[in-house]
Structures are given as C-alpha cells and as structure tokens.
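S.K.: Below you'll find entry32.txt; it's compact mmCIF, C-alpha atoms and all ligand atoms.
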```
# COMPACT_ATOMS: atom_id res chain seq x y z
CA MET A 266 20.92 -7.31 -9.17
CA GLN A 267 22.14 -4.81 -11.71
CA SER A 268 23.59 -1.69 -10.24
CA GLN A 269 23.69 1.85 -11.57
CA ALA A 270 24.30 3.56 -8.26
CA ARG A 271 24.80 7.30 -8.36
CA SER A 272 27.07 9.14 -6.04
CA ALA A 273 24.71 12.07 -5.46
CA PRO A 274 23.00 12.07 -2.05
CA SER A 275 19.47 10.71 -2.10
CA PRO A 276 16.63 13.19 -1.59
CA LEU A 277 14.62 10.29 -0.10
CA GLN A 278 14.20 10.44 3.64
CA GLY A 279 15.49 7.43 5.54
CA PRO A 280 13.01 5.11 7.27
CA SER A 281 13.40 6.79 10.65
CA LYS A 282 12.46 10.24 9.29
CA GLN A 283 9.59 8.85 7.22
CA LYS A 284 8.28 7.00 10.25
CA LYS A 285 8.45 10.12 12.35
CA ASN A 286 6.33 12.07 9.90
CA ILE A 287 3.57 9.53 9.38
CA ASP A 288 3.63 8.44 13.01
CA ALA A 289 3.21 12.03 14.07
CA THR A 290 0.07 12.09 11.93
CA PHE A 291 -1.23 8.95 13.62
CA ASP A 292 -0.33 10.26 17.08
CA ARG A 293 -2.46 13.32 16.48
CA MET A 294 -5.33 11.18 15.24
CA PRO A 295 -8.28 11.11 17.63
CA LEU A 296 -11.18 8.66 17.43
CA ASP A 297 -13.26 10.82 15.10
CA GLY A 298 -10.55 10.60 12.45
CA ARG A 299 -9.60 14.27 12.34
CA PRO A 300 -6.29 15.50 13.74
CA SER A 301 -6.53 17.92 16.62
CA SER A 302 -4.25 18.60 19.55
CA ARG A 303 -7.30 19.33 21.71
CA ARG A 304 -8.80 15.85 21.35
CA PRO A 305 -7.68 12.74 23.25
CA ARG A 306 -5.45 10.23 21.50
CA MET A 307 -6.68 6.77 20.64
CA ALA A 308 -6.48 4.42 23.59
CA GLY A 309 -7.09 0.76 24.43
CA LYS A 310 -7.44 -1.94 21.76
CA GLY A 311 -7.49 0.52 18.87
CA ALA A 312 -4.22 2.01 20.06
CA ALA A 313 -2.73 -1.48 20.38
CA LEU A 314 -3.63 -2.20 16.75
CA MET A 315 -2.11 1.08 15.60
CA GLU A 316 1.05 0.22 17.53
CA LEU A 317 1.18 -3.19 15.83
CA ILE A 318 0.84 -1.53 12.42
CA ARG A 319 3.56 0.95 13.35
CA THR A 320 6.03 -1.77 14.34
CA GLU A 321 5.19 -3.95 11.33
CA ASN A 322 5.59 -0.92 9.08
CA GLU A 323 8.95 -0.11 10.63
CA ALA A 324 10.10 -3.66 9.92
CA LEU A 325 8.88 -3.45 6.30
CA LEU A 326 10.89 -0.27 5.79
CA THR A 327 14.07 -2.31 6.39
CA HIS A 328 13.28 -4.28 3.19
CA ARG A 329 16.04 -3.88 0.61
CA TYR A 330 13.54 -2.28 -1.79
CA PHE A 331 13.72 0.96 0.18
CA ASP A 332 17.53 0.86 0.30
CA LEU A 333 17.67 0.25 -3.45
CA CYS A 334 15.37 3.22 -4.06
CA ARG A 335 17.55 5.44 -1.88
CA SER A 336 20.84 4.28 -3.37
CA GLY A 337 19.70 4.43 -6.99
CA ALA A 338 20.72 0.81 -7.57
CA LEU A 339 17.65 -0.04 -9.65
CA ASP A 340 18.01 0.51 -13.39
CA ARG A 341 15.34 2.04 -15.61
CA GLY A 342 14.08 -1.35 -16.79
CA GLN A 343 13.57 -2.53 -13.22
CA ALA A 344 11.85 0.75 -12.37
CA LEU A 345 9.46 0.32 -15.28
CA GLU A 346 8.66 -3.28 -14.27
CA ILE A 347 7.69 -2.03 -10.81
CA VAL A 348 5.34 0.60 -12.28
CA LYS A 349 3.78 -2.15 -14.43
CA GLN A 350 3.04 -4.18 -11.29
CA LEU A 351 1.65 -1.05 -9.62
CA PHE A 352 -0.70 -0.64 -12.57
CA CYS A 353 -1.79 -4.29 -12.27
CA PHE A 354 -2.35 -3.96 -8.53
CA SER A 355 -4.28 -0.70 -8.95
CA VAL A 356 -6.74 -2.61 -11.19
CA CYS A 357 -7.09 -5.27 -8.46
CA PHE A 358 -7.44 -2.66 -5.70
CA GLU A 359 -10.20 -0.82 -7.58
CA ARG A 360 -12.14 -4.09 -7.84
CA LEU A 361 -11.73 -4.69 -4.11
CA LEU A 362 -12.94 -1.18 -3.29
CA THR A 363 -16.12 -1.66 -5.29
CA LEU A 364 -16.62 -5.17 -3.92
CA ARG A 365 -16.54 -3.88 -0.34
CA ILE A 366 -19.50 -1.67 -1.17
CA ALA A 367 -21.32 -4.26 -3.29
CA ARG A 368 -21.30 -6.89 -0.54
CA HIS A 369 -22.40 -4.51 2.22
CA SER A 370 -25.66 -5.62 3.85
CA ALA A 371 -28.24 -3.90 6.03
CA TRP A 372 -26.98 -5.78 9.10
CA MET A 373 -23.49 -4.36 8.72
CA ASP A 374 -22.26 -1.19 10.40
CA PRO A 375 -23.32 1.77 8.18
CA ARG A 376 -20.15 3.60 9.25
CA THR A 377 -17.97 1.10 7.39
CA LEU A 378 -20.08 1.66 4.26
CA ARG A 379 -19.54 5.41 4.56
CA VAL A 380 -15.78 4.93 4.88
CA ALA A 381 -15.71 2.45 1.98
CA ARG A 382 -17.57 4.91 -0.27
CA GLU A 383 -15.24 7.74 0.69
CA HIS A 384 -12.25 5.48 0.01
CA LEU A 385 -13.60 4.54 -3.43
CA ARG A 386 -14.22 8.20 -4.32
CA GLU A 387 -10.62 9.01 -3.38
CA GLU A 388 -9.10 6.12 -5.33
CA LEU A 389 -11.19 6.26 -8.51
CA GLY A 390 -9.09 7.27 -11.49
CA HIS A 391 -5.83 5.84 -10.19
CA VAL A 392 -5.86 3.01 -12.73
CA ASP A 393 -5.99 5.59 -15.52
CA MET A 394 -3.18 7.55 -13.86
CA PHE A 395 -0.91 4.50 -13.84
CA ARG A 396 -1.85 3.68 -17.44
CA LYS A 397 -0.93 7.25 -18.44
CA CYS A 398 2.30 6.98 -16.42
CA LEU A 399 3.31 3.82 -18.28
CA ARG A 400 2.44 5.28 -21.69
CA GLU A 401 4.43 8.46 -20.98
CA ASN A 402 7.36 6.31 -19.84
CA GLY A 403 7.44 4.51 -23.16
CA VAL A 404 5.19 1.46 -22.75
CA SER A 405 3.15 0.82 -25.90
CA SER A 406 -0.61 0.28 -25.80
CA GLU A 407 -0.02 -3.25 -27.14
CA GLU A 408 2.32 -4.07 -24.25
CA LEU A 409 -0.10 -2.48 -21.80
CA ALA A 410 -2.84 -4.80 -23.01
CA ARG A 411 -0.58 -7.82 -22.40
CA LEU A 412 0.44 -6.90 -18.84
CA SER A 413 -0.39 -9.35 -16.09
CA PRO A 414 0.28 -9.33 -12.36
CA LYS A 415 3.16 -11.40 -10.97
CA MET A 416 2.37 -14.29 -8.64
CA PHE A 417 2.67 -12.38 -5.36
CA THR A 418 0.82 -9.38 -6.78
CA THR A 419 -2.05 -11.78 -7.44
CA ALA A 420 -1.52 -13.39 -4.03
CA LEU A 421 -1.88 -10.01 -2.35
CA PHE A 422 -5.06 -9.39 -4.33
CA GLY A 423 -6.30 -12.85 -3.33
CA TYR A 424 -5.57 -12.30 0.37
CA LEU A 425 -7.40 -8.97 0.36
CA LEU A 426 -10.25 -10.53 -1.62
CA ALA A 427 -10.61 -13.29 0.99
CA THR A 428 -10.53 -10.65 3.73
CA VAL A 429 -13.26 -8.56 2.12
CA LEU A 430 -15.41 -11.64 1.47
CA HIS A 431 -14.90 -13.66 4.63
CA GLU A 432 -13.87 -11.34 7.46
CA THR A 433 -16.05 -8.74 9.18
CA ASP A 434 -16.31 -5.35 7.51
CA LEU A 435 -14.25 -3.83 10.33
CA VAL A 436 -11.39 -6.28 9.76
CA ALA A 437 -11.64 -5.56 6.03
CA ASN A 438 -11.38 -1.85 6.78
CA VAL A 439 -8.20 -2.36 8.77
CA ALA A 440 -6.73 -4.42 5.92
CA MET A 441 -7.77 -2.21 3.00
CA ILE A 442 -7.12 1.13 4.65
CA SER A 443 -5.11 1.03 7.87
CA VAL A 444 -2.52 -1.39 6.48
CA MET A 445 -2.51 -0.98 2.70
CA GLU A 446 -2.74 2.81 2.69
CA ARG A 447 -0.04 3.15 5.31
CA ILE A 448 2.26 0.94 3.28
CA GLY A 449 1.35 3.10 0.30
CA VAL A 450 2.62 6.30 1.93
CA HIS A 451 6.15 4.92 2.31
CA PHE A 452 6.19 2.83 -0.83
CA PHE A 453 5.11 5.64 -3.17
CA ARG A 454 7.52 8.15 -1.58
CA ALA A 455 10.43 5.78 -2.10
CA THR A 456 9.32 4.80 -5.60
CA SER A 457 8.91 8.42 -6.69
CA VAL A 458 12.52 9.21 -5.78
CA MET A 459 13.71 6.11 -7.62
CA LEU A 460 11.73 6.97 -10.78
CA LYS A 461 12.92 10.58 -10.78
CA ARG A 462 16.52 9.33 -10.87
CA HIS A 463 15.69 7.97 -14.33
CA ASP A 464 13.83 11.15 -15.36
CA MET A 465 10.63 9.14 -15.51
CA GLN A 466 7.14 10.62 -15.33
CA THR A 467 5.97 10.33 -11.70
CA ASP A 468 2.60 12.13 -11.47
CA ALA A 469 0.66 8.97 -10.55
CA VAL A 470 3.18 7.93 -7.90
CA ASP A 471 3.54 11.43 -6.46
CA GLN A 472 -0.22 11.87 -6.16
CA HIS A 473 -0.49 8.51 -4.38
CA ALA A 474 2.28 9.40 -1.96
CA GLU A 475 0.50 12.61 -1.05
CA GLU A 476 -3.03 11.19 -0.86
CA ASP A 477 -2.23 7.96 0.99
CA GLU A 478 -1.19 9.84 4.12
CA GLY A 479 -4.78 11.04 4.42
CA HIS A 480 -6.23 7.70 3.35
CA ALA A 481 -4.31 5.77 6.01
CA THR A 482 -6.29 7.39 8.81
CA MET A 483 -9.75 6.87 7.29
CA GLY A 484 -12.08 4.88 9.54
CA LEU A 485 -9.94 4.94 12.67
CA GLU A 486 -13.03 6.01 14.58
CA LEU A 487 -14.38 2.50 13.95
CA LEU A 488 -11.75 1.05 16.29
CA THR A 489 -13.28 2.50 19.45
CA SER A 490 -15.13 -0.63 20.55
CA LEU A 491 -13.43 -3.83 19.46
CA GLU A 492 -14.54 -7.26 20.60
CA ARG A 493 -11.75 -9.66 21.54
CA ARG A 494 -12.39 -11.85 18.49
CA THR A 495 -12.29 -8.85 16.15
CA LEU A 496 -9.07 -7.66 17.75
CA MET A 497 -7.46 -11.07 17.22
CA ASP A 498 -8.65 -11.18 13.60
CA CYS A 499 -7.28 -7.69 12.97
CA ARG A 500 -3.90 -8.66 14.46
CA ARG A 501 -3.73 -11.77 12.27
CA VAL A 502 -4.60 -9.86 9.10
CA ILE A 503 -2.13 -7.07 9.88
CA THR A 504 0.81 -9.44 10.42
CA ASP A 505 -0.15 -11.56 7.39
CA LEU A 506 -0.38 -8.56 5.07
CA TYR A 507 2.97 -7.14 6.12
CA ARG A 508 4.59 -10.58 5.66
CA LEU A 509 2.97 -10.92 2.26
CA MET A 510 4.09 -7.44 1.26
CA GLY A 511 7.69 -8.50 1.90
CA HIS A 512 7.23 -11.34 -0.60
CA VAL A 513 5.61 -8.95 -3.08
CA LEU A 514 8.62 -6.63 -2.92
CA ASP A 515 11.03 -9.59 -3.19
CA GLU A 516 9.33 -10.71 -6.38
CA TRP A 517 9.09 -7.21 -7.84
CA LEU A 518 12.89 -7.03 -7.52
CA THR A 519 13.40 -10.41 -9.17
CA PRO A 520 14.18 -10.30 -12.91
CA GLU A 521 11.45 -12.00 -14.95
CA ARG A 522 13.64 -14.84 -16.27
CA GLN A 523 14.94 -15.71 -12.80
CA SER A 524 11.39 -15.62 -11.46
CA ASN A 525 10.24 -18.08 -14.12
CA GLU A 526 13.22 -20.36 -13.49
CA ARG A 527 12.30 -20.49 -9.81
CA LEU A 528 8.76 -21.42 -10.66
CA ALA A 529 9.96 -24.16 -13.03
CA ALA A 530 12.23 -25.56 -10.32
CA ALA A 531 9.54 -25.52 -7.63
FE FE B 1 -4.77 5.49 -1.33
```
Let me see the structure of the file written as structure tokens.
M.R.:
Amino acid sequence: MQSQARSAPSPLQGPSKQKKNIDATFDRMPLDGRPSSRRPRMAGKGAALMELIRTENEALLTHRYFDLCRSGALDRGQALEIVKQLFCFSVCFERLLTLRIARHSAWMDPRTLRVAREHLREELGHVDMFRKCLRENGVSSEELARLSPKMFTTALFGYLLATVLHETDLVANVAMISVMERIGVHFFRATSVMLKRHDMQTDAVDQHAEEDEGHATMGLELLTSLERRTLMDCRRVITDLYRLMGHVLDEWLTPERQSNERLAAA
C-alpha cells in the first residue's frame, strides 16, 4: 500500500463518534419512521434487527479502509479508483431500485412499494453526480465509457439482485435500505474526507453522506410485525451483506495489477 500520510489531524470523526451520531438517530426512530422524543422506541423483533445492524456496522467501521481515510494514507490515484467503483455501483444500485418497483405485485404489501418509490425518487440523479465528479476530477469521457465494476462490486450487485428477486419485499427493504444506506452514511463521510485531502471535487460524495442518514431510516415502520421466518431471513441477509462489504472494501484497496494477479493464480 502506497503511503502519503499527512501529519495534520484528520477532520474525520472516529468510528465511535460516527456511531454515536447515527445511532442516536436510530434510537429516536419510532415505528412510523419519524424521529420524535414523544413516541415509543422500536421494540421486539424490529429492535433486535436494528441492534444486529448496529453491531455489524460497528465491526465494519474497524475495516482498514476507514483508518486509511482518516490517516490520509491513500494516494490520489487510489482515491480516484474508489470513486470509479462508486460510479459503477451507483449504476447497479439505480437498476436495483427500479427493479424493486417493477417486480412489485398486487399481493405484496403496498407499504413496501411506497417506500421503494420514495427511495428511488431520492436516489435518482446520483449516477450523473458521480459521472460529473469523475469528469471534474480529471477522468476523460473515453475512460468513463470503459469503466467496469470490479469482481466484488459486481458480487454485491448480484447479492442484492438475488435478494430483490428471491426474498420477500420486506427482506429486500432491509437489505436495500436498512443495511446499504446505513453503510453509506459512514462510507461517504470517510470517503469525503479522504478526497478533500487531495483537493478533489466531492459534491456527489458529500450529498450522499448527508442524504443517506435520512435514507437509512426509511421503511422502519415495516418492521413492526415480523414473522419468525422473515426475521431469520433478515438476519441472514444483514450478516451476509456486511461480510460482503468487507470483501468489497478489501478489493477496492487492492491495486489493479495485484488484483489481476490474484485472479490468475486462483
Ligand atoms: Fe442513499
């Protein structure tokens, strides 16, 4: 790993402070999805799932990616490669958002359709924001057209695709929103700090960091009455996605040539 560490203190909050902020948001979150100190907190199975996401998220924040962002050890080339993968994943995520709505049937819970539509409205335009971010950070339109997701970026897309297609719409909601958006809050905050160290354009990342905190709580009201089977499926998908995200970050930190050599040796 190349190192261009700076001695200046990082403006990025450590994991414990980040967790406190977002967890405070979740703690205030009642079952109707709107924060209010006068409403009861989530209880029962929904609360157990939120606790699982909290602990999995805490573990993910110990990934070296967050340390490298804080310490400034990633060089500009590595930073740009990460934004390229973000662009690729944003294309995949947009397809998943529309697919959730396209596959919705009359027998499904109309509340999940409402949440999915709201989520799509919030996320539309993010692909263009990442494209603009890459162009303003020096990536040519020709290179943009040649970009492709790395293996684990595609694997994450594939896992979410299988979840949207083959799990219940409630499980898909937990995957697409409760997990992915919560990861997004921390990931985009850390990435923004890292990009700013290189004086890179960060509008797309900053907007995501701000918006994902609100996105992460969308649809929590759906977790009021969970059947045992749904609860087990949600737990499985939550732990799988966090494990997969660790592999995604590992690969995003791996230089392209080394990544290809590993594939050739496999
Ligand atoms: Fe989001």
S.K.: Nearest residue to ligand FE 1 (chain B) out of A:Met416, A:Leu378, A:Ala469, A:Leu425, using all atoms listed in the file?
M.R.: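 Nearest candidate to ligand FE 1 (chain B) out of A:Met416, A:Leu378, A:Ala469, A:Leu425: A:Ala469.
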S.K.: At a cut-off of 7 Å around ligand FE 1 (chain B), and using only C-alpha atoms and all ligand atoms, what residues come up? Please write them as a list in words.
M.R.: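 Every residue with an atom at most 7 Å from ligand FE 1 (chain B) is listed here: Glu388, Glu446, Gly449, His473, Glu476, Asp477 and His480 of chain A.
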S.K.: Which residues, protein or nucleic acid, reach to within 7 Å of (-17.0, -0.5, 8.9) in the file's coordinates when using all atoms listed in the file, and can you give that as a count of residues only?
M.R.: 10
S.K.: Which protein, DNA or RNA residues have an atom at most 10 Å from (0.6, -6.7, -0.7), counting all atoms listed in the file? List them as a list of chain:residue names.
M.R.: A:Phe354, A:Phe417, A:Thr418, A:Thr419, A:Ala420, A:Leu421, A:Phe422, A:Gly423, A:Tyr424, A:Leu425, A:Val444, A:Met445, A:Ile448, A:Gly449, A:Asp505, A:Leu506, A:Tyr507, A:Arg508, A:Leu509, A:Met510, A:Gly511, A:His512, A:Val513, A:Leu514
S.K.: Go ahead and compute the interatomic distance for CA of Ser406 (chain A) and CA of Cys357 (chain A), in Å to one decimal.
M.R.: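 Taking CA of Ser406 (chain A) and CA of Cys357 (chain A), their separation equals 19.3 Å.
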S.K.: Enter the distance from CA of Met315 (chain A) to CA of Ala474 (chain A), in Å, rounded to one decimal.
M.R.: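 Atom-to-atom, CA of Met315 (chain A) to CA of Ala474 (chain A), that is 19.9 Å.
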S.K.: Please list as a list in words every residue within 12 Å of Asp471 (chain A), counting only C-alpha atoms and excluding residues in the same chain fewer than 5 positions away.
M.R.: His391, Met394, Phe395, Cys398, Gly449, Val450, His451, Phe452, Phe453, Arg454, Ala455, Thr456, Ser457, Val458, Met459, Leu460, Lys461, Met465, Gln466, Glu476, Asp477 and Glu478 of chain A
S.K.: Would you export the selected residues with C-alpha atoms as a compact mmCIF listing (two decimals), keeping the file's coordinate frame, please?
M.R.:
```
# COMPACT_ATOMS: atom_id res chain seq x y z
CA HIS A 391 -5.83 5.84 -10.19
CA MET A 394 -3.18 7.55 -13.86
CA PHE A 395 -0.91 4.50 -13.84
CA CYS A 398 2.30 6.98 -16.42
CA GLY A 449 1.35 3.10 0.30
CA VAL A 450 2.62 6.30 1.93
CA HIS A 451 6.15 4.92 2.31
CA PHE A 452 6.19 2.83 -0.83
CA PHE A 453 5.11 5.64 -3.17
CA ARG A 454 7.52 8.15 -1.58
CA ALA A 455 10.43 5.78 -2.10
CA THR A 456 9.32 4.80 -5.60
CA SER A 457 8.91 8.42 -6.69
CA VAL A 458 12.52 9.21 -5.78
CA MET A 459 13.71 6.11 -7.62
CA LEU A 460 11.73 6.97 -10.78
CA LYS A 461 12.92 10.58 -10.78
CA MET A 465 10.63 9.14 -15.51
CA GLN A 466 7.14 10.62 -15.33
CA GLU A 476 -3.03 11.19 -0.86
CA ASP A 477 -2.23 7.96 0.99
CA GLU A 478 -1.19 9.84 4.12
```
S.K.: Between CA of Phe331 (chain A) and CA of Ala312 (chain A), what distance in Å does the model show, to one decimal?
M.R.: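 So the answer is 26.8 Å.
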S.K.: Between A:Leu325, A:Val348, A:Cys334, A:Leu364, single out the one closest to Arg396 (chain A), counting all atoms listed in the file.
M.R.: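 Counting all atoms listed in the file, the residue closest to Arg396 (chain A) is A:Val348.
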S.K.: Could you tell me which of A:Ser443, A:Gln343, A:Thr519, A:Ser413 comes closest to Arg500 (chain A) if we count all atoms listed in the file?
M.R.: A:Ser443
S.K.: Hey, which of A:Lys397, A:Arg494, A:Arg329, A:His384 ends up closest to Glu516 (chain A)? Count all atoms listed in the file.
M.R.: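 Residue with the minimum atom-to-atom distance to Glu516 (chain A): A:Arg329.
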S.K.: With only C-alpha atoms as the atoms that count, which of A:Val470, A:Arg447, A:Leu518, A:Glu408 lies nearest to Thr320 (chain A)?
M.R.: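 Answer, going by the shortest atom-to-atom distance: A:Arg447.
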S.K.: Considering only C-alpha atoms, state which residue in the set A:Glu401, A:Asp468, A:Glu521, A:Glu387 is at the smallest distance from Ala481 (chain A).
M.R.: A:Glu387
